[in-house]
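**Q** I'm passing along protein_30.cif; it holds mmCIF, C-alpha atoms and all ligand atoms.
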```cif
data_start
#
loop_
_atom_site.group_PDB
_atom_site.id
_atom_site.type_symbol
_atom_site.label_atom_id
_atom_site.label_comp_id
_atom_site.auth_asym_id
_atom_site.auth_seq_id
_atom_site.Cartn_x
_atom_site.Cartn_y
_atom_site.Cartn_z
ATOM 1 C CA MET A 1230 27.447 33.306 -38.905
ATOM 2 C CA ASP A 1231 30.155 35.325 -40.582
ATOM 3 C CA ASN A 1232 31.106 34.511 -44.142
ATOM 4 C CA THR A 1233 34.839 34.103 -43.429
ATOM 5 C CA LEU A 1234 34.045 30.935 -41.417
ATOM 6 C CA THR A 1235 34.789 27.496 -42.741
ATOM 7 C CA SER A 1236 32.855 24.490 -41.549
ATOM 8 C CA GLY A 1237 34.295 22.524 -38.636
ATOM 9 C CA PRO A 1238 33.579 19.853 -36.034
ATOM 10 C CA ILE A 1239 31.222 20.362 -33.107
ATOM 11 C CA GLY A 1240 33.283 20.779 -29.934
ATOM 12 C CA ILE A 1241 32.276 18.931 -26.779
ATOM 13 C CA PHE A 1242 33.919 20.118 -23.577
ATOM 14 C CA ASP A 1243 34.010 18.657 -20.081
ATOM 15 C CA SER A 1244 36.255 18.976 -17.061
ATOM 16 C CA GLY A 1245 37.070 15.276 -17.473
ATOM 17 C CA TYR A 1246 35.373 12.062 -18.516
ATOM 18 C CA GLY A 1247 31.794 12.771 -17.450
ATOM 19 C CA GLY A 1248 30.928 14.710 -20.609
ATOM 20 C CA LEU A 1249 31.496 11.526 -22.564
ATOM 21 C CA SER A 1250 28.174 10.262 -21.166
ATOM 22 C CA VAL A 1251 26.495 13.239 -22.879
ATOM 23 C CA PHE A 1252 28.669 13.019 -25.988
ATOM 24 C CA LYS A 1253 27.735 9.343 -26.409
ATOM 25 C CA GLU A 1254 24.048 10.287 -26.719
ATOM 26 C CA ILE A 1255 24.794 13.220 -29.040
ATOM 27 C CA GLN A 1256 26.907 11.096 -31.348
ATOM 28 C CA GLN A 1257 24.310 8.313 -31.435
ATOM 29 C CA LEU A 1258 21.520 10.729 -32.354
ATOM 30 C CA LEU A 1259 23.582 12.876 -34.745
ATOM 31 C CA PRO A 1260 26.250 10.538 -36.196
ATOM 32 C CA GLN A 1261 26.678 12.541 -39.399
ATOM 33 C CA TYR A 1262 28.672 15.374 -37.782
ATOM 34 C CA ASP A 1263 32.391 15.602 -36.954
ATOM 35 C CA TYR A 1264 33.187 16.073 -33.267
ATOM 36 C CA ILE A 1265 36.155 17.004 -31.099
ATOM 37 C CA TYR A 1266 35.935 16.076 -27.426
ATOM 38 C CA LEU A 1267 38.200 17.928 -25.010
ATOM 39 C CA GLY A 1268 38.510 16.737 -21.405
ATOM 40 C CA ASP A 1269 40.408 18.948 -18.974
ATOM 41 C CA ASN A 1270 41.473 15.894 -16.948
ATOM 42 C CA ALA A 1271 44.593 17.607 -15.633
ATOM 43 C CA ARG A 1272 42.438 20.102 -13.705
ATOM 44 C CA VAL A 1273 39.356 18.026 -12.825
ATOM 45 C CA PRO A 1274 37.316 18.410 -10.628
ATOM 46 C CA TYR A 1275 35.730 21.763 -11.411
ATOM 47 C CA GLY A 1276 32.857 21.136 -8.989
ATOM 48 C CA THR A 1277 34.767 22.306 -5.928
ATOM 49 C CA ARG A 1278 36.430 25.361 -7.521
ATOM 50 C CA SER A 1279 35.557 29.061 -7.428
ATOM 51 C CA PHE A 1280 33.525 30.860 -10.092
ATOM 52 C CA GLU A 1281 36.603 32.650 -11.363
ATOM 53 C CA THR A 1282 38.664 29.482 -11.709
ATOM 54 C CA VAL A 1283 35.907 27.546 -13.470
ATOM 55 C CA TYR A 1284 35.327 30.491 -15.808
ATOM 56 C CA ASN A 1285 39.042 30.829 -16.654
ATOM 57 C CA TYR A 1286 39.574 27.098 -17.198
ATOM 58 C CA THR A 1287 36.403 26.739 -19.267
ATOM 59 C CA LYS A 1288 37.238 29.766 -21.410
ATOM 60 C CA GLN A 1289 40.720 28.412 -22.164
ATOM 61 C CA CYS A 1290 39.296 25.068 -23.264
ATOM 62 C CA VAL A 1291 36.512 26.615 -25.340
ATOM 63 C CA PHE A 1292 39.040 28.812 -27.158
ATOM 64 C CA LYS A 1293 41.249 25.773 -27.759
ATOM 65 C CA LEU A 1294 38.266 24.096 -29.437
ATOM 66 C CA PHE A 1295 37.704 27.239 -31.535
ATOM 67 C CA ASP A 1296 41.421 27.118 -32.532
ATOM 68 C CA LEU A 1297 40.915 23.492 -33.583
ATOM 69 C CA GLY A 1298 38.224 24.652 -36.007
ATOM 70 C CA CYS A 1299 35.016 24.249 -34.012
ATOM 71 C CA ASN A 1300 32.350 26.895 -34.577
ATOM 72 C CA LEU A 1301 29.906 25.442 -32.068
ATOM 73 C CA VAL A 1302 30.957 24.154 -28.635
ATOM 74 C CA ILE A 1303 28.758 22.294 -26.153
ATOM 75 C CA LEU A 1304 29.723 22.581 -22.483
ATOM 76 C CA ALA A 1305 28.875 18.989 -21.528
ATOM 77 C CA CYS A 1306 29.605 19.845 -17.909
ATOM 78 C CA ASN A 1307 27.060 21.169 -15.435
ATOM 79 C CA THR A 1308 29.580 23.052 -13.338
ATOM 80 C CA ALA A 1309 30.999 24.874 -16.381
ATOM 81 C CA SER A 1310 27.465 25.520 -17.677
ATOM 82 C CA ALA A 1311 26.488 26.918 -14.269
ATOM 83 C CA LYS A 1312 29.525 29.073 -13.662
ATOM 84 C CA ALA A 1313 31.036 30.052 -17.008
ATOM 85 C CA LEU A 1314 28.537 29.756 -19.860
ATOM 86 C CA ARG A 1315 26.675 33.015 -19.498
ATOM 87 C CA THR A 1316 29.827 35.148 -19.135
ATOM 88 C CA ILE A 1317 31.453 33.485 -22.141
ATOM 89 C CA GLN A 1318 28.272 33.959 -24.202
ATOM 90 C CA GLN A 1319 27.947 37.607 -23.205
ATOM 91 C CA HIS A 1320 31.561 38.782 -23.279
ATOM 92 C CA ASP A 1321 33.996 36.464 -24.987
ATOM 93 C CA LEU A 1322 32.628 34.969 -28.192
ATOM 94 C CA PRO A 1323 34.463 35.776 -31.440
ATOM 95 C CA PRO A 1324 32.153 36.532 -34.392
ATOM 96 C CA GLY A 1325 30.333 33.460 -35.663
ATOM 97 C CA LYS A 1326 31.225 31.220 -32.723
ATOM 98 C CA LYS A 1327 28.592 29.728 -30.402
ATOM 99 C CA VAL A 1328 28.646 27.997 -27.022
ATOM 100 C CA LEU A 1329 25.741 26.072 -25.490
ATOM 101 C CA GLY A 1330 25.363 24.321 -22.122
ATOM 102 C CA VAL A 1331 23.454 21.449 -20.526
ATOM 103 C CA ILE A 1332 21.311 23.267 -17.966
ATOM 104 C CA ARG A 1333 18.854 25.083 -20.243
ATOM 105 C CA PRO A 1334 17.875 21.963 -22.266
ATOM 106 C CA THR A 1335 17.061 20.184 -18.990
ATOM 107 C CA THR A 1336 15.183 22.996 -17.269
ATOM 108 C CA GLU A 1337 13.083 23.712 -20.374
ATOM 109 C CA ILE A 1338 11.417 20.305 -20.337
ATOM 110 C CA ILE A 1339 11.563 19.257 -16.689
ATOM 111 C CA HIS A 1340 7.908 20.176 -16.049
ATOM 112 C CA ASN A 1341 6.939 17.201 -18.244
ATOM 113 C CA PHE A 1342 8.169 14.786 -15.583
ATOM 114 C CA THR A 1343 6.634 16.114 -12.364
ATOM 115 C CA GLN A 1344 3.069 15.778 -11.061
ATOM 116 C CA THR A 1345 3.769 17.198 -7.597
ATOM 117 C CA ASN A 1346 5.835 20.182 -8.839
ATOM 118 C CA LYS A 1347 8.598 19.206 -6.408
ATOM 119 C CA ILE A 1348 11.920 18.477 -8.066
ATOM 120 C CA GLY A 1349 15.194 17.281 -6.567
ATOM 121 C CA ILE A 1350 18.567 18.265 -8.012
ATOM 122 C CA LEU A 1351 21.679 16.208 -7.293
ATOM 123 C CA ALA A 1352 24.836 18.031 -8.411
ATOM 124 C CA THR A 1353 28.333 19.161 -7.521
ATOM 125 C CA THR A 1354 28.809 21.718 -4.771
ATOM 126 C CA GLY A 1355 29.595 24.371 -7.400
ATOM 127 C CA THR A 1356 26.409 23.761 -9.373
ATOM 128 C CA VAL A 1357 24.277 23.738 -6.211
ATOM 129 C CA LYS A 1358 25.850 26.963 -4.914
ATOM 130 C CA SER A 1359 25.326 28.705 -8.264
ATOM 131 C CA GLU A 1360 21.543 28.090 -7.882
ATOM 132 C CA SER A 1361 21.422 27.854 -11.691
ATOM 133 C CA TYR A 1362 18.866 25.024 -11.711
ATOM 134 C CA LYS A 1363 16.601 26.824 -9.250
ATOM 135 C CA ILE A 1364 16.796 30.073 -11.206
ATOM 136 C CA GLU A 1365 16.288 28.463 -14.630
ATOM 137 C CA ILE A 1366 13.466 26.116 -13.578
ATOM 138 C CA GLN A 1367 11.582 28.882 -11.807
ATOM 139 C CA LYS A 1368 12.004 31.170 -14.810
ATOM 140 C CA PHE A 1369 9.975 28.749 -16.953
ATOM 141 C CA ASN A 1370 7.834 27.205 -14.191
ATOM 142 C CA PRO A 1371 7.412 29.399 -11.108
ATOM 143 C CA GLU A 1372 5.035 26.810 -9.602
ATOM 144 C CA ILE A 1373 7.835 24.226 -9.340
ATOM 145 C CA GLU A 1374 9.731 23.991 -6.076
ATOM 146 C CA VAL A 1375 13.371 22.902 -6.396
ATOM 147 C CA PHE A 1376 15.288 21.056 -3.665
ATOM 148 C CA GLN A 1377 19.050 20.721 -4.119
ATOM 149 C CA HIS A 1378 21.686 18.502 -2.582
ATOM 150 C CA ASP A 1379 25.386 18.301 -3.404
ATOM 151 C CA CYS A 1380 27.193 14.956 -3.577
ATOM 152 C CA PRO A 1381 30.928 15.760 -3.348
ATOM 153 C CA PHE A 1382 31.971 12.103 -3.225
ATOM 154 C CA TRP A 1383 30.172 10.902 -6.336
ATOM 155 C CA VAL A 1384 32.592 12.355 -8.923
ATOM 156 C CA PRO A 1385 35.711 10.824 -7.291
ATOM 157 C CA LEU A 1386 33.877 7.490 -6.974
ATOM 158 C CA VAL A 1387 33.155 7.470 -10.697
ATOM 159 C CA GLU A 1388 36.556 8.880 -11.728
ATOM 160 C CA ASN A 1389 38.252 6.079 -9.777
ATOM 161 C CA ASN A 1390 35.943 3.390 -11.131
ATOM 162 C CA GLU A 1391 34.547 2.647 -7.672
ATOM 163 C CA ILE A 1392 31.066 2.437 -9.125
ATOM 164 C CA ASN A 1393 29.746 -0.758 -7.620
ATOM 165 C CA THR A 1394 31.618 -0.821 -4.358
ATOM 166 C CA GLU A 1395 30.511 -0.641 -0.742
ATOM 167 C CA GLY A 1396 31.751 2.969 -0.650
ATOM 168 C CA ALA A 1397 29.563 3.939 -3.621
ATOM 169 C CA HIS A 1398 26.499 2.328 -2.026
ATOM 170 C CA TYR A 1399 27.180 4.105 1.264
ATOM 171 C CA PHE A 1400 27.458 7.604 -0.247
ATOM 172 C CA VAL A 1401 24.653 7.197 -2.778
ATOM 173 C CA GLN A 1402 22.210 5.953 -0.125
ATOM 174 C CA LYS A 1403 23.239 8.728 2.293
ATOM 175 C CA ASP A 1404 22.928 11.540 -0.275
ATOM 176 C CA ILE A 1405 19.601 10.346 -1.653
ATOM 177 C CA HIS A 1406 18.252 10.045 1.882
ATOM 178 C CA GLU A 1407 19.371 13.628 2.570
ATOM 179 C CA LEU A 1408 17.765 14.975 -0.610
ATOM 180 C CA LEU A 1409 14.467 13.166 -0.067
ATOM 181 C CA GLY A 1410 14.512 14.287 3.582
ATOM 182 C CA LYS A 1411 14.077 17.882 2.353
ATOM 183 C CA CYS A 1412 10.592 17.166 0.960
ATOM 184 C CA ASP A 1413 8.510 13.986 0.921
ATOM 185 C CA GLN A 1414 6.704 15.000 -2.283
ATOM 186 C CA ILE A 1415 9.714 15.030 -4.618
ATOM 187 C CA ASP A 1416 8.667 12.919 -7.615
ATOM 188 C CA THR A 1417 11.533 13.759 -10.008
ATOM 189 C CA ILE A 1418 15.280 13.768 -9.425
ATOM 190 C CA VAL A 1419 17.663 15.309 -11.948
ATOM 191 C CA LEU A 1420 21.170 13.836 -12.103
ATOM 192 C CA ALA A 1421 22.615 17.306 -12.726
ATOM 193 C CA CYS A 1422 26.218 16.220 -13.084
ATOM 194 C CA THR A 1423 27.620 14.433 -16.100
ATOM 195 C CA HIS A 1424 29.223 11.719 -13.941
ATOM 196 C CA TYR A 1425 26.123 10.663 -12.048
ATOM 197 C CA PRO A 1426 24.398 8.575 -14.775
ATOM 198 C CA LEU A 1427 27.317 6.163 -14.435
ATOM 199 C CA LEU A 1428 26.072 5.459 -10.900
ATOM 200 C CA LEU A 1429 22.502 4.841 -12.094
ATOM 201 C CA PRO A 1430 22.316 1.128 -11.153
ATOM 202 C CA VAL A 1431 23.301 2.054 -7.585
ATOM 203 C CA ILE A 1432 21.071 5.158 -7.475
ATOM 204 C CA GLU A 1433 18.043 3.118 -8.594
ATOM 205 C CA LYS A 1434 18.449 0.845 -5.577
ATOM 206 C CA TYR A 1435 17.874 3.722 -3.149
ATOM 207 C CA VAL A 1436 15.290 5.838 -4.981
ATOM 208 C CA PRO A 1437 11.654 4.748 -4.534
ATOM 209 C CA LYS A 1438 10.182 3.352 -7.777
ATOM 210 C CA ASN A 1439 7.552 6.116 -8.071
ATOM 211 C CA ILE A 1440 10.258 8.808 -8.468
ATOM 212 C CA ASN A 1441 11.555 9.681 -11.956
ATOM 213 C CA ILE A 1442 15.332 9.763 -12.288
ATOM 214 C CA ILE A 1443 16.451 12.035 -15.116
ATOM 215 C CA SER A 1444 19.797 11.623 -16.920
ATOM 216 C CA GLN A 1445 20.670 14.546 -19.158
ATOM 217 C CA GLY A 1446 22.436 12.869 -22.090
ATOM 218 C CA PRO A 1447 19.352 12.074 -24.203
ATOM 219 C CA ILE A 1448 17.759 15.455 -23.329
ATOM 220 C CA VAL A 1449 20.845 17.417 -24.389
ATOM 221 C CA ALA A 1450 21.189 15.382 -27.603
ATOM 222 C CA LYS A 1451 17.557 16.013 -28.581
ATOM 223 C CA SER A 1452 17.868 19.688 -27.752
ATOM 224 C CA LEU A 1453 20.991 19.992 -29.942
ATOM 225 C CA GLN A 1454 19.184 18.263 -32.803
ATOM 226 C CA GLU A 1455 16.324 20.765 -32.546
ATOM 227 C CA TYR A 1456 18.748 23.684 -32.215
ATOM 228 C CA LEU A 1457 20.587 22.700 -35.406
ATOM 229 C CA HIS A 1458 17.265 22.274 -37.160
ATOM 230 C CA ARG A 1459 16.155 25.772 -36.122
ATOM 231 C CA HIS A 1460 19.546 27.411 -36.795
ATOM 232 C CA THR A 1461 20.455 26.389 -40.321
ATOM 233 C CA GLU A 1462 22.968 29.272 -40.430
ATOM 234 C CA ILE A 1463 24.937 27.391 -37.737
ATOM 235 C CA GLU A 1464 24.233 23.868 -38.983
ATOM 236 C CA THR A 1465 25.733 24.777 -42.374
ATOM 237 C CA TYR A 1466 29.088 25.346 -40.657
ATOM 238 C CA CYS A 1467 29.139 21.942 -38.914
ATOM 239 C CA SER A 1468 31.226 19.529 -40.984
ATOM 240 C CA LYS A 1469 29.739 16.136 -41.740
ATOM 241 C CA SER A 1470 32.183 13.243 -42.239
ATOM 242 C CA SER A 1471 31.434 11.356 -39.005
ATOM 243 C CA GLN A 1472 35.005 11.929 -37.732
ATOM 244 C CA LEU A 1473 35.698 11.820 -33.981
ATOM 245 C CA ALA A 1474 38.765 13.195 -32.189
ATOM 246 C CA PHE A 1475 39.490 13.055 -28.459
ATOM 247 C CA TYR A 1476 41.860 15.351 -26.582
ATOM 248 C CA THR A 1477 42.832 15.399 -22.935
ATOM 249 C CA THR A 1478 44.965 17.832 -20.961
ATOM 250 C CA ASP A 1479 46.351 14.826 -19.029
ATOM 251 C CA ASP A 1480 47.639 11.369 -19.963
ATOM 252 C CA PRO A 1481 46.008 10.094 -23.187
ATOM 253 C CA ARG A 1482 46.524 6.391 -22.354
ATOM 254 C CA ASP A 1483 44.745 6.872 -19.060
ATOM 255 C CA PHE A 1484 41.996 8.747 -20.888
ATOM 256 C CA GLU A 1485 41.558 5.896 -23.377
ATOM 257 C CA THR A 1486 41.173 3.331 -20.582
ATOM 258 C CA LYS A 1487 38.580 5.308 -18.636
ATOM 259 C CA ALA A 1488 36.791 6.670 -21.707
ATOM 260 C CA LYS A 1489 35.702 3.142 -22.536
ATOM 261 C CA VAL A 1490 33.516 3.146 -19.413
ATOM 262 C CA PHE A 1491 31.900 6.521 -20.160
ATOM 263 C CA PHE A 1492 31.685 6.384 -23.942
ATOM 264 C CA GLY A 1493 30.982 2.679 -24.257
ATOM 265 C CA LYS A 1494 33.659 2.018 -26.879
ATOM 266 C CA GLN A 1495 37.387 2.235 -27.464
ATOM 267 C CA VAL A 1496 38.690 5.714 -28.404
ATOM 268 C CA ASP A 1497 42.070 7.108 -29.547
ATOM 269 C CA ALA A 1498 43.111 10.136 -27.528
ATOM 270 C CA SER A 1499 45.885 12.739 -27.843
ATOM 271 C CA HIS A 1500 47.361 15.099 -25.306
ATOM 272 C CA ILE A 1501 46.676 18.822 -25.681
ATOM 273 C CA SER A 1502 47.826 21.889 -23.727
ATOM 274 C CA VAL A 1503 45.333 24.704 -23.281
HETATM 275 N N1 LIG B 1601 31.511 17.463 -15.223
HETATM 276 C C1 LIG B 1601 31.217 18.011 -13.916
HETATM 277 C C2 LIG B 1601 29.729 18.370 -13.852
HETATM 278 O O1 LIG B 1601 28.907 17.940 -14.651
HETATM 279 C C3 LIG B 1601 31.559 17.054 -12.807
HETATM 280 C C4 LIG B 1601 33.043 16.854 -12.607
HETATM 281 C C5 LIG B 1601 33.750 18.027 -11.984
HETATM 282 O O2 LIG B 1601 33.487 18.371 -10.813
HETATM 283 O O3 LIG B 1601 34.578 18.600 -12.682
HETATM 284 O O4 LIG B 1601 29.352 19.122 -12.968
#
```
Could I get this file's structure written as structure tokens?
**A**
Amino acid sequence: MDNTLTSGPIGIFDSGYGGLSVFKEIQQLLPQYDYIYLGDNARVPYGTRSFETVYNYTKQCVFKLFDLGCNLVILACNTASAKALRTIQQHDLPPGKKVLGVIRPTTEIIHNFTQTNKIGILATTGTVKSESYKIEIQKFNPEIEVFQHDCPFWVPLVENNEINTEGAHYFVQKDIHELLGKCDQIDTIVLACTHYPLLLPVIEKYVPKNINIISQGPIVAKSLQEYLHRHTEIETYCSKSSQLAFYTTDDPRDFETKAKVFFGKQVDASHISV
């Protein structure tokens, strides 16, 4: 890191609320750090948008978090990790600033869960189209076959708190049936979208018991812990007073109400323009 840096909070970015499910795990495992969460609720969803749009939106939000003093930003959003992370890492980072995503931590350890080497990925259309999971998993484990299926209705169901409704059951059952129809040996399903763990009780009803269902929050939290342990030059610049701040590009009162569902506790949010 460069020696003009001062220590600052860890930034957590998502297109909306979903990243709070990842943030919750990070904050539980690493409560000593300060964090700023930024949800781009005004422009959610990212999952249906083009590469260029997701890249531009993500870059604006990441730079806002840098302006707020963050030196390290986690893209707690699969779509942003799939479509924007690499370009930002390669072309846009100011000296001393770092950005990490949620795909690499998952793909690095996924082989631990499968016996059949057949893995299912449930994600947004954008993440599926990017093929990021396929590419990353096969980089580490060429013997693993990856089957993908996009679930365009799951994010709106969660965003609108329609989690345990007839509609949610209909779409979850249909999409799981379609994924498992691609290969009868899939023994591990990755919920490769930050919103999907919120649907877990419904998902579990339609996934056979012998199939592992993987939520990313705990995996990403553990991976960040190990990263900070390995990179003391970065860890030194993460401030440690256990302060949390929440920003949204949309209505903060609305954010506070919905954040309770994703984060599991009451939060105070402020509006921010990016
Ligand atoms: N956070 C996004 C993801 O994990 C889902 C919501 C969206 O489409 O913006 O892919």
**Q** Translate the PyMOL selection byres (((chain A and resi 1429-1434) around 9) and not hetatm) into a concrete residue list for this structure, as a PyMOL selection string.
**A** chain A and resi 1392-1393+1397-1398+1401-1402+1405+1425-1428+1435-1438+1442+1444
**Q** Rank nothing, just name the residue among A:Ile1350, A:Ile1373, A:Leu1301, A:Ile1415 nearest to ligand LIG 1601 (chain B), using only C-alpha atoms and all ligand atoms.
**A** A:Ile1350
**Q** Which polymer residues, whether protein, DNA or RNA, lie within 8 Å of the coordinate (30.4, 12.5, 0.5) when you count only C-alpha atoms? List them as a CSV table (one decimal) with C-alpha atoms, keeping the file's coordinate frame, using the chain letters and numbers from the file.
**A**
```csv
chain,number,residue,atom,x,y,z
A,1380,CYS,CA,27.2,15.0,-3.6
A,1381,PRO,CA,30.9,15.8,-3.3
A,1382,PHE,CA,32.0,12.1,-3.2
A,1383,TRP,CA,30.2,10.9,-6.3
A,1400,PHE,CA,27.5,7.6,-0.2
A,1404,ASP,CA,22.9,11.5,-0.3
```
**Q** Set the cut-off to 9 Å, count only C-alpha atoms and all ligand atoms, and list whatever residues fall near ligand LIG 1601 (chain B) as number ranges by chain.
**A** A: 1243-1248, 1269-1270, 1272-1278, 1305-1311, 1331, 1352-1356, 1381, 1384-1385, 1388, 1421-1425
**Q** To test your reading of the syntax: which residues would the PyMOL selection byres (((chain A and resi 1342) around 9) and not hetatm) return for the file shown? Reply as an NGL selection string.
**A** :A and (1338-1341 or 1343-1344 or 1346 or 1416-1417 or 1441 or 1443)
**Q** Output C-alpha atoms for every residue in the selection just made, as a compact mmCIF listing (two decimals), in the frame of the given file.
**A**
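Written output follows (result-v6.txt):
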```txt
# COMPACT_ATOMS: atom_id res chain seq x y z
CA ILE A 1338 11.42 20.30 -20.34
CA ILE A 1339 11.56 19.26 -16.69
CA HIS A 1340 7.91 20.18 -16.05
CA ASN A 1341 6.94 17.20 -18.24
CA THR A 1343 6.63 16.11 -12.36
CA GLN A 1344 3.07 15.78 -11.06
CA ASN A 1346 5.84 20.18 -8.84
CA ASP A 1416 8.67 12.92 -7.62
CA THR A 1417 11.53 13.76 -10.01
CA ASN A 1441 11.56 9.68 -11.96
CA ILE A 1443 16.45 12.04 -15.12
```
**Q** Work out how far apart atom CA of A:Ser1499 and atom CA of A:Tyr1476 are and give it in Å to one decimal.
**A**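 So the two atoms, atom CA of A:Ser1499 and atom CA of A:Tyr1476, lie 5.0 Å apart.
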**Q** Under the PyMOL selection byres (((chain A and resi 1473) around 9) and not hetatm), which residues of this model are included? Write them out as a short mmCIF file (atom, residue, chain, number, x, y, z; two decimals) with C-alpha atoms, in the frame of the given file.
**A**
```cif
data_model
loop_
_atom_site.label_atom_id
_atom_site.label_comp_id
_atom_site.auth_asym_id
_atom_site.auth_seq_id
_atom_site.Cartn_x
_atom_site.Cartn_y
_atom_site.Cartn_z
CA PRO A 1238 33.58 19.85 -36.03
CA TYR A 1262 28.67 15.37 -37.78
CA ASP A 1263 32.39 15.60 -36.95
CA TYR A 1264 33.19 16.07 -33.27
CA ILE A 1265 36.16 17.00 -31.10
CA TYR A 1266 35.94 16.08 -27.43
CA SER A 1471 31.43 11.36 -39.01
CA GLN A 1472 35.01 11.93 -37.73
CA ALA A 1474 38.76 13.20 -32.19
CA PHE A 1475 39.49 13.06 -28.46
CA VAL A 1496 38.69 5.71 -28.40
#
```
**Q** Would you kindly return, as number ranges by chain, each protein, DNA or RNA residue with an atom no farther than 8 Å from any atom of A:Ile1501, considering all atoms listed in the file and excluding same-chain residues fewer than 3 positions away?
**A** A: 1476-1479
**Q** Between atom CA of A:Ala1271 and atom CA of A:Leu1294, what is the distance, to one decimal in Å?
**A**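 For atom CA of A:Ala1271 relative to atom CA of A:Leu1294, the distance reads 16.5 Å.
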**Q** Using all atoms of stretch 1412-1428 of chain A listed in the file and a margin of 5 Å per side, can you give the axis-aligned box centre and edge lengths in Å to one decimal, as JSON?
**A**
```
{"center_x": 18.0, "center_y": 11.4, "center_z": -7.6, "size_x": 32.5, "size_y": 21.8, "size_z": 27.1}
```
**Q** Which residues come within 12 Å of A:Phe1376, counting all atoms listed in the file, excluding same-chain residues fewer than 4 positions away, as JSON, numbers by chain?
**A** {"A": [1346, 1347, 1348, 1349, 1350, 1351, 1352, 1357, 1360, 1362, 1363, 1364, 1366, 1367, 1405, 1407, 1408, 1409, 1410, 1411, 1412, 1413, 1414, 1415, 1416, 1417, 1418, 1419]}
**Q** State, in Å with one decimal place, the distance from atom CA of A:Ile1448 to atom CA of A:Ser1250.
**A**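 Atom-to-atom, atom CA of A:Ile1448 to atom CA of A:Ser1250, that is 11.8 Å.
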**Q** Name the closest residue to A:Glu1281 among the candidates A:Thr1316, A:Gln1261, A:Thr1345, A:Gln1256; distances are taken between atoms, counting only C-alpha atoms.
**A**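 So, comparing all the options, the nearest one is A:Thr1316.
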**Q** Which of these residues is nearest to A:Lys1288, using all atoms listed in the file: A:Thr1465, A:Asn1300, A:Glu1374, A:Ile1317?
**A**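 Selected residue with least distance to A:Lys1288: A:Ile1317.
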**Q** Skip A:Leu1329 itself and residues of its chain fewer than 3 positions away, then list as a ChimeraX atom specification all residues within 9 Å of it, counting all atoms listed in the file.
**A** /A:1301-1305,1310,1314,1318,1333,1453
